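Asks: One structure is given below, represented as structure tokens, and several questions about it will come after.
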Amino acid sequence: MNKVILMGRLTRDPEIRYTQGERQMAIARYTLAVDRRGRGGNNGEATADFISCVAFDRSAEFAEKYLRQGTKMVITGRIQTGSYTNKDGQKVYTTDVIVEEQEFAESKAAASNNASSFEGFSQAPARPEPSSAISGGFMNIPDGVEDEGLPFN
């Protein structure tokens, strides 16, 4: 089985192209910055993987219309590898995620709040990470959340 589920932020606006011929089809390419669990690097800084994604047809048209740099997305798809020979005669290997489904991972209001502070990939997450859980599996409620908005008393 070849199934991938990713959550991350677009590193820049999608690149859109259209096929030639009788039936034009949109092809969108974009890169997701996906945080790695745990800490990496020398100073304990968070690290990310940069995953190349390709969407076709209606998914590509959706990407063209709605996706922008910094948008947090959940992608499901499959990994596809390939290779080609570049103009210098060197073989280049590629790995892409072919997008089957794509969804927004945060509300429009949260996205607009995060857009103002999005600088590269050093932004704090919009939701608390599992590491903020206290014993018993419950998460700490972030400051500024009103009790009326919670689904329990």
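Ordered as shown in the structure tokens, chains take letters A, B, and onward, while each chain numbers its residues from 1 and ligands are numbered from 1 in the order shown.
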As a list in words, please: every residue in segment 9-115 of chain A that DSSP puts in helix (DSSP H, G or I).
Replies: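 Assigned to helix (DSSP H, G or I), within segment 9-115 of chain A: Asp57, Arg58, Ser59, Ala60, Glu61, Phe62, Ala63, Glu64, Lys65, Tyr66, Lys108, Ala109, Ala110, Ala111, Ser112, Asn113, Asn114 and Ala115 of chain A.
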Asks: Write out as a ChimeraX atom specification the residues lying within 6 Å of Ala26 of chain A, counting only C-alpha atoms and excluding same-chain residues fewer than 6 positions away.
Replies: /A:17-18,56-57,60
Asks: For a quick check of understanding, using only C-alpha atoms, which of A:Arg78, A:Lys65, A:Lys3, A:Lys72 has the smallest distance to Leu32 of chain A?
Replies: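 Looking only at the distances to Leu32 of chain A, the closest residue turns out to be A:Lys72.
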Asks: For each of A:Ala28, A:Ala46, A:Ala110, A:Val99, take the minimum atom-to-atom distance to Gln80 of chain A, counting only C-alpha atoms, then give the residue where this is smallest.
Replies: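 Answer, going by the shortest atom-to-atom distance: A:Val99.
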Asks: If we count only C-alpha atoms and set the cut-off at 7 Å, which residues sit around Asp35 of chain A, ignoring sequence neighbours fewer than 2 positions away in its own chain? Please answer as a ChimeraX atom specification.
Replies: /A:8,33,37,47-49
Asks: How many Å lie between atom CA of Ser83 of chain A and atom CA of Met1 of chain A, rounded to one decimal?
Replies: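 Straight-line distance from atom CA of Ser83 of chain A to atom CA of Met1 of chain A works out to 21.6 Å.
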Asks: Can you measure atom CA of Ile5 of chain A to atom CA of Glu45 of chain A for me? One decimal in Å is fine.
Replies: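 If I compute the distance from atom CA of Ile5 of chain A to atom CA of Glu45 of chain A, I get 23.8 Å.
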